[in-house]
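Engineer: I am attaching a structure below and will ask some questions about it afterwards.
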Amino acid sequence: MPSVLIVDDEANVRRMVGALLTAEGFEVRDAGDGTAGVARAEESEPDLVLLDMMIPGTLDGMAVLERLRKRFPDLPVIMMSGRAGLADAVKATRLGAVNFLEKPLTPEGVLLAMASALELRLARRERTALRADLGLAGELVGESPAMHDLRAMIARIAPTDSRVLITGESGTGKELVAAAIHAGSPRRERPLVRVNCAAIPRDLVESEMFGHERGSFTGATERRIGRFELAHTGTLLLDEVGDLGAEAQAKLLRAIEAKEIERVGGGKPIKIDVRIVAATNRDLTRSVRDGQFREDLYFRLNVLPIGVPPLRERPGDVSLLVRHFAEMQRRKSGQPAPIWLDAGVQALARYRWPGNVRELANIVERLSILCAGREITADEVHRVLPPAGDGGSGPPLPDLVAPEVTLSDALDDYERLLITRALSAAHGVVAEAARRLRTDRPNLYRRMKRLGIIGA
């Protein structure tokens, strides 16, 4: 449950607001002065702080706000006061307060302000988690010509405010490129908010993107702030944008053109200032030709195109990536690091990597666990790589000249090999394997069942 710290010198306020929040399922702590409030926050960081501006003592509300913002940069603080004026509210906002409530407080006002603040807290945590998932310090690893070109392109486009379309196969690091663009932009100190367009149910896309008002549809028990608002003044990453449906594409196009949104159930437009970075592993030009993606939206997104090279086009970077991911795993697990022999690294470099850098990271993690403190040889590598995975541009054809092989059997063998390799590259996720094979999931399930592939 979310934890809330109430800092107010009025005991009645602490008691009444505390009772309200406890009834709503929050974990509540309180403090009667600024010094105690800072101490309580440092004992255990809360998810949200309700802070009175006019606290008497050595630390007033503004001083407490400054200390909390320095100590906990992502902690949302809501200011409260019954005597402060507009200038005080503006100053508090500049110091980092996310909202300002006038006393006497109302239950609806408190809960509404807290809902918005907790949405912001979630977005900030997701941003932190995204940056952590992208690797140590979020750097782009590799010294190949392709990576030098990629870094040069990022350096050119990051300082602008133009929209960017990042293309590349699954697992190449498109999110990392988006984070690098944001880090090199004037918006670097503002939020980087990611939305996975492929993971949102179609009937919830509008709510997820633009938010909704309480009671706007069944199940909307409170106001929700959408990803566009959370990214205001920052960068919005539309990951897997090619998976959006036609209705969602139309709404996204309108938001881009008008630079404003409307929450579901809301009656007024909300101005938004975001830089949009979109990413996809689909060929959007083909999707446009096939009528699956709006041409006008494609042109809006594709102002600055940037392609991320697949790992097979930069095999010389494999050794650097192996060391990078091995160090990440050592720090995460605390296990003794394995000893990577040249033969083991070369075996990895010869593999075609259908899952690209993400697949390599998973393989390195697996080997680091299985071979902790031991040498990793070529044999160890071959044990964890999928069959027929260390060479060639694709799966080997069956021996069609053998007299005992019929055409039907040969086609089944080849289809089985294609499907198993796609499943391996997708780490067993059938939806992702279907996307790689450019078919739909029910069709892939039927073929898997017919061929006796486990998981169907």
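Going through the structure tokens in order, the chains are called A, B, and so on, while each chain numbers its residues from 1 and the ligands are numbered from 1 in the order shown.
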Please run DSSP on the backbone and report, as an MDAnalysis selection string, all residues within range 107-269 of chain A that come out as alpha helix (DSSP H).

Structural biologist: chainID A and resid 107:133 145:157 174:183 205:210 227:230 246:258

Engineer: Which polymer residues have any atom within 9 Å of an atom of Ala248 in chain A, counting only C-alpha atoms, with same-chain residues fewer than 5 positions away left out, as a PDB file with C-alpha atoms, in the first residue's frame?

Structural biologist:
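So out_19.pdb came out as:
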ATOM      1  CA  ARG A 202      -7.426  -1.737 -27.479  1.00  0.00           C
ATOM      2  CA  VAL A 205      -5.548   2.857 -25.290  1.00  0.00           C
ATOM      3  CA  GLU A 206      -7.266   6.248 -25.013  1.00  0.00           C
ATOM      4  CA  LEU A 253      -2.496  11.967 -34.912  1.00  0.00           C
TER       5      LEU A 253
END

Engineer: Suppose you want the space between CA of Arg282 in chain A and CA of Gly242 in chain A; what is it in Å?

Structural biologist: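 CA of Arg282 in chain A sits 6.2 Å away from CA of Gly242 in chain A.
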
Engineer: Please produce, as a tab-separated table, a per-residue contact table for range 258-288 of chain A versus range 164-167 of chain A (criterion: any atom at most 8 Å away, only C-alpha atoms considered), showing the nearest atom pair and its distance in Å to one decimal, sorted by chain then residue number.

Structural biologist:
residue	atom	partner	partner_atom	distance
A:Ile276	CA	A:Val164	CA	6.8
A:Val277	CA	A:Val164	CA	4.8
A:Ala278	CA	A:Leu165	CA	4.8
A:Ala279	CA	A:Ile166	CA	4.5
A:Thr280	CA	A:Thr167	CA	5.3
A:Asn281	CA	A:Thr167	CA	5.8
A:Arg282	CA	A:Thr167	CA	7.5

Engineer: Please run DSSP on the backbone and report, as a list in words, all residues within range 259-372 of chain A that come out as strand (DSSP E or B).

Structural biologist: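 Matching residues, listed in order: Glu260, Ile261, Val264, Ile270, Lys271, Arg275, Ile276, Val277, Ala278, Ala279, Thr280, Leu304, Pro305, Ile306, Gly307, Ile339 and Trp340 of chain A.
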
Engineer: Excluding Thr218 in chain A and its own-chain neighbours fewer than 5 positions away, which residues fall within 12 Å of it when counting only C-alpha atoms? Please give them as a list in words.

Structural biologist: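 Surrounding residues, per the criterion: Leu204, His212, Glu213, Val264 and Gly265 of chain A.
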
Engineer: Output the selection as an mmCIF file, in the first residue's frame - N, CA and C atoms for each residue.

Structural biologist:
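And here is the file that came out, selection06.cif:
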data_model
loop_
_atom_site.group_PDB
_atom_site.id
_atom_site.type_symbol
_atom_site.label_atom_id
_atom_site.label_comp_id
_atom_site.auth_asym_id
_atom_site.auth_seq_id
_atom_site.Cartn_x
_atom_site.Cartn_y
_atom_site.Cartn_z
ATOM 1 N N LEU A 204 -8.512 0.264 -23.931
ATOM 2 C CA LEU A 204 -7.935 1.109 -22.890
ATOM 3 C C LEU A 204 -6.850 2.044 -23.415
ATOM 4 N N HIS A 212 -8.258 9.645 -17.878
ATOM 5 C CA HIS A 212 -9.728 9.680 -17.813
ATOM 6 C C HIS A 212 -10.180 10.350 -16.524
ATOM 7 N N GLU A 213 -11.429 10.811 -16.548
ATOM 8 C CA GLU A 213 -12.033 11.406 -15.373
ATOM 9 C C GLU A 213 -12.792 10.336 -14.585
ATOM 10 N N VAL A 264 -10.567 11.049 -21.187
ATOM 11 C CA VAL A 264 -11.842 10.374 -21.412
ATOM 12 C C VAL A 264 -12.839 10.875 -20.369
ATOM 13 N N GLY A 265 -13.970 11.374 -20.831
ATOM 14 C CA GLY A 265 -14.955 11.925 -19.919
ATOM 15 C C GLY A 265 -14.718 13.369 -19.555
#

Engineer: Could you pull the residues within 7 Å of Val38 in chain A, counting only C-alpha atoms, minus those fewer than 3 positions along the same chain, as a ChimeraX atom specification?

Structural biologist: /A:34-35,41-42,64,68

Engineer: Tell me which protein, DNA and RNA residues are within 12 Å of range 93-99 of chain A, counting only C-alpha atoms, leaving out same-chain ones fewer than 4 positions away, and put them as a ChimeraX atom specification.

Structural biologist: /A:48-53,61-70,72-81,86-89,109-121,190,230

Engineer: Restricting the output to C-alpha atoms, write the selected residues as a PDB file, in the first residue's frame.

Structural biologist:
ATOM      1  CA  LEU A  48       3.984  11.008  -0.931  1.00  0.00           C
ATOM      2  CA  VAL A  49       4.247  13.942   1.479  1.00  0.00           C
ATOM      3  CA  LEU A  50       1.447  16.318   2.563  1.00  0.00           C
ATOM      4  CA  LEU A  51       3.323  19.348   3.893  1.00  0.00           C
ATOM      5  CA  ASP A  52       1.953  22.434   5.647  1.00  0.00           C
ATOM      6  CA  MET A  53       3.622  25.623   4.425  1.00  0.00           C
ATOM      7  CA  GLY A  61       7.396  24.451   4.961  1.00  0.00           C
ATOM      8  CA  MET A  62       9.581  25.887   2.197  1.00  0.00           C
ATOM      9  CA  ALA A  63      12.770  24.776   3.956  1.00  0.00           C
ATOM     10  CA  VAL A  64      11.386  21.272   4.454  1.00  0.00           C
ATOM     11  CA  LEU A  65      10.370  21.152   0.784  1.00  0.00           C
ATOM     12  CA  GLU A  66      13.877  22.106  -0.313  1.00  0.00           C
ATOM     13  CA  ARG A  67      15.471  19.455   1.898  1.00  0.00           C
ATOM     14  CA  LEU A  68      13.101  16.735   0.760  1.00  0.00           C
ATOM     15  CA  ARG A  69      13.643  17.585  -2.917  1.00  0.00           C
ATOM     16  CA  LYS A  70      17.426  17.411  -2.490  1.00  0.00           C
ATOM     17  CA  PHE A  72      14.519  12.476  -2.550  1.00  0.00           C
ATOM     18  CA  PRO A  73      14.338  14.040  -6.054  1.00  0.00           C
ATOM     19  CA  ASP A  74      11.469  11.813  -7.221  1.00  0.00           C
ATOM     20  CA  LEU A  75       9.337  12.185  -4.065  1.00  0.00           C
ATOM     21  CA  PRO A  76       6.083  14.114  -4.809  1.00  0.00           C
ATOM     22  CA  VAL A  77       5.220  16.782  -2.211  1.00  0.00           C
ATOM     23  CA  ILE A  78       1.795  18.443  -1.914  1.00  0.00           C
ATOM     24  CA  MET A  79       1.803  21.758  -0.065  1.00  0.00           C
ATOM     25  CA  MET A  80      -1.080  22.860   2.213  1.00  0.00           C
ATOM     26  CA  SER A  81      -1.876  26.276   3.668  1.00  0.00           C
ATOM     27  CA  LEU A  86      -0.425  33.255  -4.965  1.00  0.00           C
ATOM     28  CA  ALA A  87       3.248  34.226  -4.718  1.00  0.00           C
ATOM     29  CA  ASP A  88       3.813  31.489  -2.109  1.00  0.00           C
ATOM     30  CA  ALA A  89       2.100  28.911  -4.296  1.00  0.00           C
ATOM     31  CA  GLY A 109      -9.606  17.641  -2.919  1.00  0.00           C
ATOM     32  CA  VAL A 110      -7.048  15.707  -0.896  1.00  0.00           C
ATOM     33  CA  LEU A 111      -7.748  12.384  -2.597  1.00  0.00           C
ATOM     34  CA  LEU A 112      -7.786  13.908  -6.088  1.00  0.00           C
ATOM     35  CA  ALA A 113      -4.465  15.683  -5.544  1.00  0.00           C
ATOM     36  CA  MET A 114      -2.932  12.518  -4.113  1.00  0.00           C
ATOM     37  CA  ALA A 115      -4.094  10.398  -7.053  1.00  0.00           C
ATOM     38  CA  SER A 116      -2.344  12.720  -9.495  1.00  0.00           C
ATOM     39  CA  ALA A 117       0.801  12.846  -7.341  1.00  0.00           C
ATOM     40  CA  LEU A 118       0.981   9.073  -7.069  1.00  0.00           C
ATOM     41  CA  GLU A 119       0.613   8.767 -10.852  1.00  0.00           C
ATOM     42  CA  LEU A 120       3.622  11.056 -11.126  1.00  0.00           C
ATOM     43  CA  ARG A 121       5.508   8.931  -8.596  1.00  0.00           C
ATOM     44  CA  ARG A 190      12.219  16.517 -17.380  1.00  0.00           C
ATOM     45  CA  LEU A 230       2.949  12.679 -17.293  1.00  0.00           C
TER      46      LEU A 230
END

Engineer: Nearest residue to Arg224 in chain A out of A:Leu311, A:Met209, A:Leu238, A:Val274, using only C-alpha atoms?

Structural biologist: A:Met209

Engineer: May I ask for the distance between CA of Ile270 in chain A and CA of Ala258 in chain A, given in Å to one decimal place?

Structural biologist: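 Separation of CA of Ile270 in chain A and CA of Ala258 in chain A: 10.2 Å.
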